[in-house]
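J.: Just so it is clear, I am handing over start.csv, which has CSV, C-alpha atoms and all ligand atoms.
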```csv
chain,number,residue,atom,x,y,z
A,1,MET,CA,-31.7,159.8,186.0
A,2,ASN,CA,-28.7,158.0,187.4
A,3,LYS,CA,-29.6,156.0,190.5
A,4,GLU,CA,-26.1,154.9,191.4
A,5,PRO,CA,-25.1,155.2,195.0
A,6,MET,CA,-22.8,158.2,195.5
A,7,ASP,CA,-19.0,157.7,195.5
A,8,PRO,CA,-17.7,158.5,199.0
A,9,TYR,CA,-14.3,159.2,197.4
A,10,PRO,CA,-14.7,160.8,194.0
A,11,GLU,CA,-11.1,162.0,194.0
A,12,LEU,CA,-9.7,158.4,194.1
A,13,PRO,CA,-8.9,156.3,191.1
A,14,ILE,CA,-11.7,154.9,188.9
A,15,GLU,CA,-11.6,151.8,186.6
A,16,GLN,CA,-11.8,153.0,183.0
A,17,GLY,CA,-10.8,149.8,181.3
A,18,PRO,CA,-7.4,148.7,179.9
A,19,HIS,CA,-7.4,151.5,177.4
A,20,GLY,CA,-8.7,154.2,179.7
A,21,ARG,CA,-11.7,155.0,177.6
A,22,GLY,CA,-14.2,153.7,180.1
A,23,VAL,CA,-15.3,150.1,180.6
A,24,GLY,CA,-17.8,148.4,178.3
A,25,ARG,CA,-21.5,148.6,179.2
A,26,TRP,CA,-21.4,144.9,179.8
A,27,VAL,CA,-19.2,145.3,182.9
A,28,ALA,CA,-22.2,146.8,184.8
A,29,GLU,CA,-25.0,145.2,182.9
A,30,GLN,CA,-23.6,141.6,182.7
A,31,LYS,CA,-20.5,140.9,184.7
A,32,HIS,CA,-21.5,142.8,187.9
A,33,ALA,CA,-25.2,141.9,187.5
A,34,TYR,CA,-24.6,138.1,187.3
A,35,LEU,CA,-22.3,138.4,190.3
A,36,SER,CA,-24.8,140.4,192.4
A,37,ASN,CA,-27.7,138.2,191.4
A,38,TYR,CA,-25.8,135.1,192.4
A,39,ILE,CA,-25.0,136.7,195.8
A,40,VAL,CA,-28.7,137.6,196.3
A,41,GLY,CA,-29.8,134.2,195.1
A,42,THR,CA,-27.5,132.4,197.7
A,43,ARG,CA,-28.4,134.5,200.7
A,44,GLU,CA,-30.2,131.7,202.6
A,45,ALA,CA,-27.2,129.4,202.1
A,46,ARG,CA,-24.9,132.2,203.3
A,47,LYS,CA,-26.9,132.7,206.4
A,48,LYS,CA,-26.0,129.2,207.6
A,49,PHE,CA,-22.3,130.2,207.8
A,50,LYS,CA,-21.0,132.4,210.6
A,51,GLN,CA,-18.1,133.6,208.5
A,52,ARG,CA,-18.8,134.7,204.8
A,53,VAL,CA,-15.8,135.8,202.8
A,54,LEU,CA,-15.5,137.6,199.5
A,55,ILE,CA,-12.1,137.2,197.8
A,56,ASP,CA,-11.3,139.5,194.9
A,57,PRO,CA,-7.5,139.3,194.0
A,58,PHE,CA,-7.9,141.6,190.9
A,59,CYS,CA,-10.1,144.1,192.6
A,60,GLY,CA,-9.5,147.4,190.8
A,61,PRO,CA,-10.4,150.7,192.6
A,62,GLY,CA,-14.0,149.8,193.5
A,63,ARG,CA,-15.6,152.3,191.1
A,64,ILE,CA,-16.0,152.2,187.3
A,65,ARG,CA,-16.9,154.6,184.6
A,66,VAL,CA,-18.8,153.1,181.6
A,67,GLU,CA,-17.7,154.3,178.2
A,68,GLY,CA,-20.0,157.3,177.2
A,69,GLU,CA,-21.3,157.9,180.7
A,70,LEU,CA,-20.5,161.0,182.7
A,71,PHE,CA,-21.2,159.5,186.1
A,72,THR,CA,-19.4,156.6,187.8
A,73,ARG,CA,-20.8,153.3,189.1
A,74,GLU,CA,-19.8,150.9,191.9
A,75,GLY,CA,-17.1,148.4,191.0
A,76,GLY,CA,-17.2,144.6,191.4
A,77,SER,CA,-16.4,144.1,195.0
A,78,VAL,CA,-18.5,147.1,196.1
A,79,THR,CA,-21.5,145.9,194.1
A,80,ALA,CA,-21.0,142.4,195.5
A,81,TYR,CA,-20.7,143.7,199.1
A,82,ARG,CA,-23.9,145.8,198.6
A,83,ALA,CA,-25.8,142.8,197.2
A,84,ALA,CA,-24.8,140.6,200.2
A,85,ALA,CA,-25.6,143.4,202.7
A,86,THR,CA,-29.0,144.3,201.3
A,87,SER,CA,-30.0,140.6,201.2
A,88,GLU,CA,-29.3,140.3,204.9
A,89,ALA,CA,-26.4,137.9,204.7
A,90,PRO,CA,-23.4,140.4,204.5
A,91,PHE,CA,-19.9,139.3,203.9
A,92,THR,CA,-18.1,139.3,207.3
A,93,GLN,CA,-14.8,139.8,205.6
A,94,VAL,CA,-13.6,141.1,202.2
A,95,LEU,CA,-10.2,140.2,200.9
A,96,ILE,CA,-9.1,142.4,198.0
A,97,GLY,CA,-5.9,142.6,196.0
A,98,ASP,CA,-4.4,144.5,193.1
A,99,VAL,CA,-1.0,144.9,191.6
A,100,ASP,CA,-1.6,148.6,191.7
A,101,SER,CA,-1.7,149.5,195.4
A,102,THR,CA,-3.5,152.8,194.8
A,103,ARG,CA,-6.4,150.9,193.3
A,104,ALA,CA,-6.6,148.4,196.1
A,105,GLN,CA,-6.4,151.2,198.7
A,106,ALA,CA,-9.2,153.1,196.9
A,107,ASN,CA,-11.3,150.0,196.9
A,108,GLN,CA,-10.6,149.4,200.6
A,109,LEU,CA,-11.8,152.9,201.5
A,110,ARG,CA,-14.9,152.6,199.4
A,111,LEU,CA,-15.8,149.3,200.9
A,112,GLU,CA,-15.1,150.5,204.5
A,113,ALA,CA,-17.4,153.5,203.8
A,114,MET,CA,-20.2,150.9,203.6
A,115,GLY,CA,-19.1,149.2,206.8
A,116,ALA,CA,-17.1,146.3,205.3
A,117,GLN,CA,-14.3,144.6,207.2
A,118,VAL,CA,-11.5,144.7,204.6
A,119,GLN,CA,-8.0,143.4,204.2
A,120,ALA,CA,-6.1,144.7,201.2
A,121,TYR,CA,-3.1,143.1,199.5
A,122,TYR,CA,-0.8,144.7,197.1
A,123,GLY,CA,1.0,142.7,194.4
A,124,PHE,CA,0.5,140.1,191.7
A,125,ALA,CA,-2.5,137.8,192.5
A,126,ASN,CA,-0.4,134.7,192.2
A,127,ASP,CA,1.7,136.0,195.0
A,128,THR,CA,-1.0,137.6,197.2
A,129,VAL,CA,-3.3,134.6,197.0
A,130,GLU,CA,-1.3,132.6,199.6
A,131,GLU,CA,-1.8,135.2,202.3
A,132,MET,CA,-5.4,135.8,201.2
A,133,ALA,CA,-6.2,132.1,201.6
A,134,ARG,CA,-4.6,132.0,205.0
A,135,SER,CA,-6.7,134.9,206.1
A,136,VAL,CA,-10.0,133.0,205.5
A,137,PRO,CA,-11.2,131.7,208.8
A,138,PHE,CA,-11.7,127.9,209.0
A,139,GLY,CA,-15.2,126.8,208.1
A,140,SER,CA,-16.1,130.1,206.2
A,141,LEU,CA,-18.1,130.1,203.1
A,142,ALA,CA,-16.0,131.9,200.5
A,143,LEU,CA,-16.8,133.4,197.1
A,144,ALA,CA,-13.8,134.0,194.9
A,145,TYR,CA,-14.3,136.5,192.1
A,146,ILE,CA,-11.4,136.2,189.7
A,147,ASP,CA,-11.3,139.0,187.2
A,148,PRO,CA,-8.1,139.7,185.3
A,149,TYR,CA,-8.0,141.7,182.1
A,150,ASN,CA,-6.5,138.8,180.2
A,151,LEU,CA,-5.5,135.1,180.2
A,152,GLU,CA,-1.9,135.9,181.0
A,153,HIS,CA,-2.7,136.8,184.6
A,154,LEU,CA,-5.3,134.0,185.2
A,155,SER,CA,-2.7,131.8,186.8
A,156,PHE,CA,-4.0,128.3,187.5
A,157,SER,CA,-2.1,128.5,190.8
A,158,ILE,CA,-4.5,131.1,192.1
A,159,ILE,CA,-7.4,128.7,191.6
A,160,GLU,CA,-5.5,125.8,192.9
A,161,ARG,CA,-4.6,127.6,196.1
A,162,LEU,CA,-8.1,128.9,196.8
A,163,ALA,CA,-9.5,125.4,195.9
A,164,LYS,CA,-7.9,124.2,199.1
A,165,LEU,CA,-10.5,126.1,201.1
A,166,LYS,CA,-13.3,123.8,202.3
A,167,TYR,CA,-16.3,125.8,201.2
A,168,VAL,CA,-15.5,128.0,198.2
A,169,ASP,CA,-17.3,128.9,195.0
A,170,PHE,CA,-15.7,130.6,192.0
A,171,ALA,CA,-16.9,133.2,189.5
A,172,VAL,CA,-14.1,133.6,186.9
A,173,HIS,CA,-13.9,136.0,184.1
A,174,PHE,CA,-12.1,134.1,181.3
A,175,SER,CA,-10.8,136.2,178.4
A,176,LEU,CA,-11.9,134.5,175.2
A,177,MET,CA,-10.6,137.3,173.1
A,178,ASP,CA,-7.1,136.9,174.3
A,179,LEU,CA,-7.4,133.1,173.8
A,180,THR,CA,-8.8,133.2,170.2
A,181,ARG,CA,-6.6,136.0,169.0
A,182,ASN,CA,-3.3,134.7,170.4
A,183,ILE,CA,-3.4,130.9,170.9
A,184,ASP,CA,-1.8,130.3,167.5
A,185,MET,CA,1.1,132.5,168.3
A,186,GLU,CA,1.4,131.1,171.8
A,187,LEU,CA,2.1,127.6,170.4
A,188,ASN,CA,5.6,128.9,169.8
A,189,PRO,CA,7.8,127.4,172.6
A,190,GLN,CA,9.7,130.8,172.8
A,191,ARG,CA,6.5,132.3,174.2
A,192,ASN,CA,4.7,131.6,177.5
A,193,ARG,CA,1.8,134.0,178.0
A,194,PHE,CA,-0.7,131.1,178.4
A,195,ASP,CA,1.5,128.7,180.3
A,196,HIS,CA,0.4,129.9,183.8
A,197,ALA,CA,-3.3,129.7,182.9
A,198,LEU,CA,-3.0,126.0,181.9
A,199,PRO,CA,0.4,124.5,182.7
A,200,GLY,CA,1.5,121.9,180.2
A,201,TRP,CA,-1.0,122.8,177.5
A,202,ARG,CA,1.6,123.0,174.7
A,203,GLU,CA,2.8,119.5,175.4
A,204,ALA,CA,-0.8,118.2,175.6
A,205,VAL,CA,-1.8,119.8,172.4
A,206,SER,CA,1.1,118.5,170.3
A,207,GLY,CA,0.3,115.5,168.3
A,208,GLN,CA,-3.5,116.2,168.5
A,209,PRO,CA,-5.2,116.3,165.1
A,210,LEU,CA,-6.5,119.9,165.7
A,211,SER,CA,-7.2,122.6,163.2
A,212,LYS,CA,-6.2,126.2,164.0
A,213,ALA,CA,-9.8,127.1,164.4
A,214,SER,CA,-10.4,124.4,167.0
A,215,LEU,CA,-7.5,125.3,169.2
A,216,PRO,CA,-9.3,127.8,171.4
A,217,GLY,CA,-12.2,125.4,172.0
A,218,TRP,CA,-9.7,122.7,172.9
A,219,PHE,CA,-7.8,124.9,175.3
A,220,PHE,CA,-11.0,126.1,177.1
A,221,ARG,CA,-12.4,122.6,177.4
A,222,ARG,CA,-9.1,121.3,178.9
A,223,TRP,CA,-9.0,124.3,181.3
A,224,CYS,CA,-12.5,123.3,182.5
A,225,GLN,CA,-11.5,119.6,182.8
A,226,THR,CA,-8.5,120.6,184.9
A,227,ILE,CA,-10.7,122.5,187.3
A,228,GLU,CA,-13.0,119.5,187.5
A,229,LYS,CA,-10.1,117.4,188.6
A,230,LEU,CA,-9.9,119.7,191.7
A,231,GLY,CA,-13.3,118.4,192.6
A,232,PHE,CA,-15.5,121.1,191.2
A,233,THR,CA,-18.5,121.1,188.9
A,234,VAL,CA,-18.0,123.6,186.2
A,235,ASN,CA,-21.5,125.0,185.5
A,236,GLY,CA,-22.6,124.5,181.9
A,237,HIS,CA,-24.1,128.0,181.8
A,238,MET,CA,-21.2,130.3,181.1
A,239,PRO,CA,-22.6,133.7,180.0
A,240,LEU,CA,-20.9,134.8,176.9
A,241,ILE,CA,-20.0,138.5,176.9
A,242,THR,CA,-19.8,140.2,173.6
A,243,ASP,CA,-18.5,143.7,172.8
A,244,GLY,CA,-21.6,145.0,171.1
A,245,LYS,CA,-19.9,144.4,167.7
A,246,GLY,CA,-20.6,140.7,167.8
A,247,ARG,CA,-17.2,139.7,169.0
A,248,SER,CA,-17.0,137.3,172.0
A,249,ILE,CA,-14.7,138.8,174.6
A,250,TYR,CA,-15.3,136.9,177.8
A,251,ARG,CA,-17.0,134.0,179.4
A,252,LEU,CA,-18.2,134.2,183.0
A,253,VAL,CA,-17.4,130.7,184.3
A,254,PHE,CA,-18.8,129.5,187.6
A,255,PHE,CA,-17.7,126.4,189.5
A,256,SER,CA,-18.5,125.0,192.9
A,257,ARG,CA,-18.5,121.7,194.9
A,258,HIS,CA,-22.0,122.3,196.2
A,259,PRO,CA,-25.1,121.2,194.1
A,260,LEU,CA,-27.2,124.1,195.5
A,261,ALA,CA,-24.7,126.8,194.5
A,262,ASP,CA,-24.4,125.1,191.1
A,263,ARG,CA,-28.2,125.1,190.7
A,264,ILE,CA,-28.6,128.7,191.7
A,265,TRP,CA,-25.9,129.9,189.3
A,266,GLY,CA,-27.6,127.9,186.5
A,267,ASP,CA,-30.9,129.6,187.2
A,268,ILE,CA,-29.3,133.0,187.2
A,269,ALA,CA,-27.1,132.5,184.2
A,270,ARG,CA,-30.1,131.2,182.2
A,271,SER,CA,-32.2,134.2,183.2
A,272,ARG,CA,-32.6,137.0,180.7
A,273,ASN,CA,-33.7,139.4,183.4
A,274,LEU,CA,-30.5,140.9,184.8
A,275,ASN,CA,-32.0,143.7,186.7
A,276,LEU,CA,-30.3,143.9,190.0
A,277,PHE,CA,-32.3,142.7,193.0
A,301,LIG,C1,-10.7,143.9,185.2
A,301,LIG,S1,-9.8,145.0,186.3
A,301,LIG,C2,-10.7,144.6,187.8
A,301,LIG,C3,-12.1,145.1,187.9
A,301,LIG,C4,-12.8,144.7,189.2
A,301,LIG,N1,-12.7,143.3,189.6
A,301,LIG,C5,-14.3,145.0,189.1
A,301,LIG,O1,-15.1,144.1,188.9
A,301,LIG,O2,-14.6,146.2,189.2
A,301,LIG,C6,-8.4,144.1,186.6
A,301,LIG,C7,-7.5,144.7,187.7
A,301,LIG,O3,-6.4,143.8,187.9
A,301,LIG,C8,-5.2,144.5,188.2
A,301,LIG,N2,-4.2,143.6,187.8
A,301,LIG,C9,-3.6,143.4,186.6
A,301,LIG,N3,-2.7,142.3,186.6
A,301,LIG,C10,-2.7,141.9,187.9
A,301,LIG,C11,-2.1,140.8,188.6
A,301,LIG,N4,-1.3,140.0,187.9
A,301,LIG,N5,-2.4,140.6,189.9
A,301,LIG,C12,-3.2,141.4,190.5
A,301,LIG,N6,-3.9,142.4,189.9
A,301,LIG,C13,-3.6,142.6,188.6
A,301,LIG,C14,-5.3,145.7,187.4
A,301,LIG,O4,-4.6,146.8,188.0
A,301,LIG,C15,-6.9,146.0,187.5
A,301,LIG,O5,-7.1,146.9,188.5
```
Once you've parsed the file, please lay out its structure as structure tokens.
Ligand SMILES: C[S@@+](CC[C@H](N)C(=O)[O-])C[C@H]1O[C@@H](n2cnc3c(N)ncnc32)[C@H](O)[C@@H]1O

T.:
Amino acid sequence: MNKEPMDPYPELPIEQGPHGRGVGRWVAEQKHAYLSNYIVGTREARKKFKQRVLIDPFCGPGRIRVEGELFTREGGSVTAYRAAATSEAPFTQVLIGDVDSTRAQANQLRLEAMGAQVQAYYGFANDTVEEMARSVPFGSLALAYIDPYNLEHLSFSIIERLAKLKYVDFAVHFSLMDLTRNIDMELNPQRNRFDHALPGWREAVSGQPLSKASLPGWFFRRWCQTIEKLGFTVNGHMPLITDGKGRSIYRLVFFSRHPLADRIWGDIARSRNLNLF
């Protein structure tokens, strides 16, 4: 029996993954579960802030269909909003964005149906992030959920801009599959798909005694170090998401400047029990 809350707008778009076949089971069972568990786990900390903001610049339509299922489930921002609301420390503001305006609009309507205060932005995340960051009231506690399909859209400038907020934690979905499949090809100076994710990486890698196989690991470590230079601790627990056929597809990377947030993520990411609430 499906216990998912009903979709208030079943006629609106649904996230079915980049190939339209439905998203992998791990989206609900891992990605959204880690996010919600973290939000529930940090409820007491959130209560200390008058303004609590969720930022989701790759928001999708707010509803997903898992491959092989006939029903739909709540999407990332909606799941996150519900987790905060039911743990008595709701987000006072939700900032969502998507390059596809029909998706961001659908997400906004779904969130508003739950009582959320929502501002939606349409466009590429590296453009919308400036306005999003400016909409965050001073002194708010912000959670940035950065969830692009691939590395090409994970611009470092998005992280850099949001890192200027005083109290901000990040949960980033980092595409390992894109990295491991394509890094070799991306060494070609005629190409630039990874240049926004880690500016200057090609110059930094040249002259290093690295085998092809060690390139993805080098890139990922340097990306983490670059984030640490912004004053964050990158949590060592980075759940590895596999596609069910043993291939690593994503890592869920959490970083914060606050030791409590870091500890709570560590506890959640270590836990095998990912039942929501
Ligand atoms: C992985 S889906 C988002 C899923 C959603 N965060 C969730 O958890 O349910 C990625 C979304 O990013 C959008 N997108 C792709 N490239 C983008 C970009 N450069 N800037 C903003 N949105 C983008 C896509 O239209 C898609 O809706």

J.: Kindly indicate which residue among A:Trp218, A:Trp265, A:Phe58, A:Tyr149 lies nearest to A:Ser101, using all atoms listed in the file for the distances.

T.: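 Ranking A:Trp218, A:Trp265, A:Phe58, A:Tyr149 by distance to A:Ser101, first place goes to A:Phe58.
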
J.: Report as a ChimeraX atom specification all protein, DNA and RNA residues lying within 8 Å of stretch 21-38 of chain A, evaluated on all atoms listed in the file, omitting residues in the same chain fewer than 6 positions from it.

T.: /A:15,64-68,73,75-76,79-80,83-84,171,241-243,252,264-265,268-269,274-277

J.: Residues of chain A that approach ligand LIG 301 (chain A) to 6 Å or less, counting all atoms listed in the file: could you list each one with the shortest pair of atoms and its distance in Å to one decimal, rows by chain and increasing residue number, as JSON lines?

T.:
```
{"residue": "A:Pro57", "atom": "CA", "partner": "A:LIG301", "partner_atom": "C12", "distance": 5.9}
{"residue": "A:Phe58", "atom": "CA", "partner": "A:LIG301", "partner_atom": "O3", "distance": 4.0}
{"residue": "A:Cys59", "atom": "CA", "partner": "A:LIG301", "partner_atom": "N1", "distance": 4.0}
{"residue": "A:Gly60", "atom": "CA", "partner": "A:LIG301", "partner_atom": "O5", "distance": 3.4}
{"residue": "A:Gly62", "atom": "CA", "partner": "A:LIG301", "partner_atom": "O2", "distance": 5.6}
{"residue": "A:Gly75", "atom": "CA", "partner": "A:LIG301", "partner_atom": "O2", "distance": 3.8}
{"residue": "A:Gly76", "atom": "CA", "partner": "A:LIG301", "partner_atom": "O1", "distance": 3.3}
{"residue": "A:Asp98", "atom": "CA", "partner": "A:LIG301", "partner_atom": "N6", "distance": 3.9}
{"residue": "A:Val99", "atom": "CA", "partner": "A:LIG301", "partner_atom": "N6", "distance": 4.2}
{"residue": "A:Asp100", "atom": "CA", "partner": "A:LIG301", "partner_atom": "O4", "distance": 5.1}
{"residue": "A:Gly123", "atom": "CA", "partner": "A:LIG301", "partner_atom": "C12", "distance": 5.9}
{"residue": "A:Phe124", "atom": "CA", "partner": "A:LIG301", "partner_atom": "N5", "distance": 3.4}
{"residue": "A:Ala125", "atom": "CA", "partner": "A:LIG301", "partner_atom": "N5", "distance": 3.8}
{"residue": "A:Asp147", "atom": "CA", "partner": "A:LIG301", "partner_atom": "N1", "distance": 5.1}
{"residue": "A:Pro148", "atom": "CA", "partner": "A:LIG301", "partner_atom": "C6", "distance": 4.6}
{"residue": "A:Tyr149", "atom": "CA", "partner": "A:LIG301", "partner_atom": "C1", "distance": 4.7}
{"residue": "A:His153", "atom": "CA", "partner": "A:LIG301", "partner_atom": "N4", "distance": 4.8}
```

J.: Using C-alpha atoms, can you write the selected residues to a file as a PDB file, keeping the file's coordinate frame?

T.:
```pdb
ATOM      1  CA  PRO A  57      -7.500 139.300 194.000  1.00  0.00           C
ATOM      2  CA  PHE A  58      -7.900 141.600 190.900  1.00  0.00           C
ATOM      3  CA  CYS A  59     -10.100 144.100 192.600  1.00  0.00           C
ATOM      4  CA  GLY A  60      -9.500 147.400 190.800  1.00  0.00           C
ATOM      5  CA  GLY A  62     -14.000 149.800 193.500  1.00  0.00           C
ATOM      6  CA  GLY A  75     -17.100 148.400 191.000  1.00  0.00           C
ATOM      7  CA  GLY A  76     -17.200 144.600 191.400  1.00  0.00           C
ATOM      8  CA  ASP A  98      -4.400 144.500 193.100  1.00  0.00           C
ATOM      9  CA  VAL A  99      -1.000 144.900 191.600  1.00  0.00           C
ATOM     10  CA  ASP A 100      -1.600 148.600 191.700  1.00  0.00           C
ATOM     11  CA  GLY A 123       1.000 142.700 194.400  1.00  0.00           C
ATOM     12  CA  PHE A 124       0.500 140.100 191.700  1.00  0.00           C
ATOM     13  CA  ALA A 125      -2.500 137.800 192.500  1.00  0.00           C
ATOM     14  CA  ASP A 147     -11.300 139.000 187.200  1.00  0.00           C
ATOM     15  CA  PRO A 148      -8.100 139.700 185.300  1.00  0.00           C
ATOM     16  CA  TYR A 149      -8.000 141.700 182.100  1.00  0.00           C
ATOM     17  CA  HIS A 153      -2.700 136.800 184.600  1.00  0.00           C
TER      18      HIS A 153
END
```

J.: Give me, as number ranges by chain, all polymer residues having an atom no more than 12 Å from A:Ser248, counting only C-alpha atoms and skipping those fewer than 3 positions away in the same chain.

T.: A: 26, 174-181, 239-245, 251-252

J.: Near A:Val53, counting all atoms listed in the file, which residues have an atom at most 9 Å away, once you skip same-chain residues fewer than 3 positions from it, shown as a ChimeraX atom specification?

T.: /A:91-95,136-137,140-144

J.: I'd like the contact shell of stretch 223-232 of chain A - 10 Å cut-off, only C-alpha atoms, skipping same-chain residues fewer than 3 positions apart - returned as a ChimeraX atom specification.

T.: /A:156,159-160,163-164,168-170,197-199,201,217-220,235,253-258,262

J.: Please produce an output containing C-alpha atoms for each residue in the selection, written as an mmCIF file, in the coordinates of the input.

T.:
```cif
data_model
loop_
_atom_site.group_PDB
_atom_site.id
_atom_site.type_symbol
_atom_site.label_atom_id
_atom_site.label_comp_id
_atom_site.auth_asym_id
_atom_site.auth_seq_id
_atom_site.Cartn_x
_atom_site.Cartn_y
_atom_site.Cartn_z
ATOM 1 C CA PHE A 156 -4.000 128.300 187.500
ATOM 2 C CA ILE A 159 -7.400 128.700 191.600
ATOM 3 C CA GLU A 160 -5.500 125.800 192.900
ATOM 4 C CA ALA A 163 -9.500 125.400 195.900
ATOM 5 C CA LYS A 164 -7.900 124.200 199.100
ATOM 6 C CA VAL A 168 -15.500 128.000 198.200
ATOM 7 C CA ASP A 169 -17.300 128.900 195.000
ATOM 8 C CA PHE A 170 -15.700 130.600 192.000
ATOM 9 C CA ALA A 197 -3.300 129.700 182.900
ATOM 10 C CA LEU A 198 -3.000 126.000 181.900
ATOM 11 C CA PRO A 199 0.400 124.500 182.700
ATOM 12 C CA TRP A 201 -1.000 122.800 177.500
ATOM 13 C CA GLY A 217 -12.200 125.400 172.000
ATOM 14 C CA TRP A 218 -9.700 122.700 172.900
ATOM 15 C CA PHE A 219 -7.800 124.900 175.300
ATOM 16 C CA PHE A 220 -11.000 126.100 177.100
ATOM 17 C CA ASN A 235 -21.500 125.000 185.500
ATOM 18 C CA VAL A 253 -17.400 130.700 184.300
ATOM 19 C CA PHE A 254 -18.800 129.500 187.600
ATOM 20 C CA PHE A 255 -17.700 126.400 189.500
ATOM 21 C CA SER A 256 -18.500 125.000 192.900
ATOM 22 C CA ARG A 257 -18.500 121.700 194.900
ATOM 23 C CA HIS A 258 -22.000 122.300 196.200
ATOM 24 C CA ASP A 262 -24.400 125.100 191.100
#
```

J.: Quick one: residues within 10 Å of A:Thr102, all atoms listed in the file counted, chain neighbours fewer than 3 positions away excluded, as a compact mmCIF listing (two decimals) with C-alpha atoms, in the coordinates of the input?

T.:
```txt
# COMPACT_ATOMS: atom_id res chain seq x y z
CA LEU A 12 -9.70 158.40 194.10
CA PRO A 13 -8.90 156.30 191.10
CA GLY A 60 -9.50 147.40 190.80
CA PRO A 61 -10.40 150.70 192.60
CA ASP A 98 -4.40 144.50 193.10
CA VAL A 99 -1.00 144.90 191.60
CA GLN A 105 -6.40 151.20 198.70
CA ALA A 106 -9.20 153.10 196.90
CA ASN A 107 -11.30 150.00 196.90
CA GLN A 108 -10.60 149.40 200.60
CA TYR A 122 -0.80 144.70 197.10
```

J.: Considering all atoms listed in the file, can you say which of A:Leu215, A:Ala204, A:Ile14, A:Ile55 comes closest to A:Arg134?

T.: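 Once distances to A:Arg134 are computed over all atoms listed in the file, the minimum belongs to A:Ile55.
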
J.: From the list A:Val172, A:Leu70, A:Ile146, A:Leu111, which residue is nearest A:Asn126 when using only C-alpha atoms?

T.: A:Ile146

J.: Kindly give the distance, in Å, that separates atom CA of A:Arg270 and atom CA of A:Gly236, rounded to a single decimal.

T.: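 Going from atom CA of A:Arg270 over to atom CA of A:Gly236, I get 10.1 Å.
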
J.: Identify which of the residues A:Pro189, A:Ala120, A:Lys47, A:Thr233 lies closest to A:Pro259, counting only C-alpha atoms when measuring atom-to-atom distances.

T.: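 With only C-alpha atoms as the atom set, the closest residue is A:Thr233.
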
J.: Pick out the closest residue to A:Glu44 from this set: A:Arg82, A:Leu260, A:Leu210, A:Leu151. Count only C-alpha atoms.

T.: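 Among the listed residues, the smallest separation from A:Glu44 belongs to A:Leu260.
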
J.: Please determine, counting all atoms listed in the file, which residue among A:Ser77, A:Asp195, A:His173, A:Gly207 has the shortest atom-to-atom distance to A:Met114.

T.: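 Of all the options, A:Ser77 lies closest to A:Met114.
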
J.: Rounded to one decimal place, report the atom CA of A:Gly97-atom CA of A:Gln117 distance in Å.

T.: 14.1 Å

J.: What separation in Å, quoted to one decimal, exists between atom CA of A:Arg221 and atom CA of A:Val234?

T.: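 Result for atom CA of A:Arg221 versus atom CA of A:Val234: 10.5 Å, one decimal.
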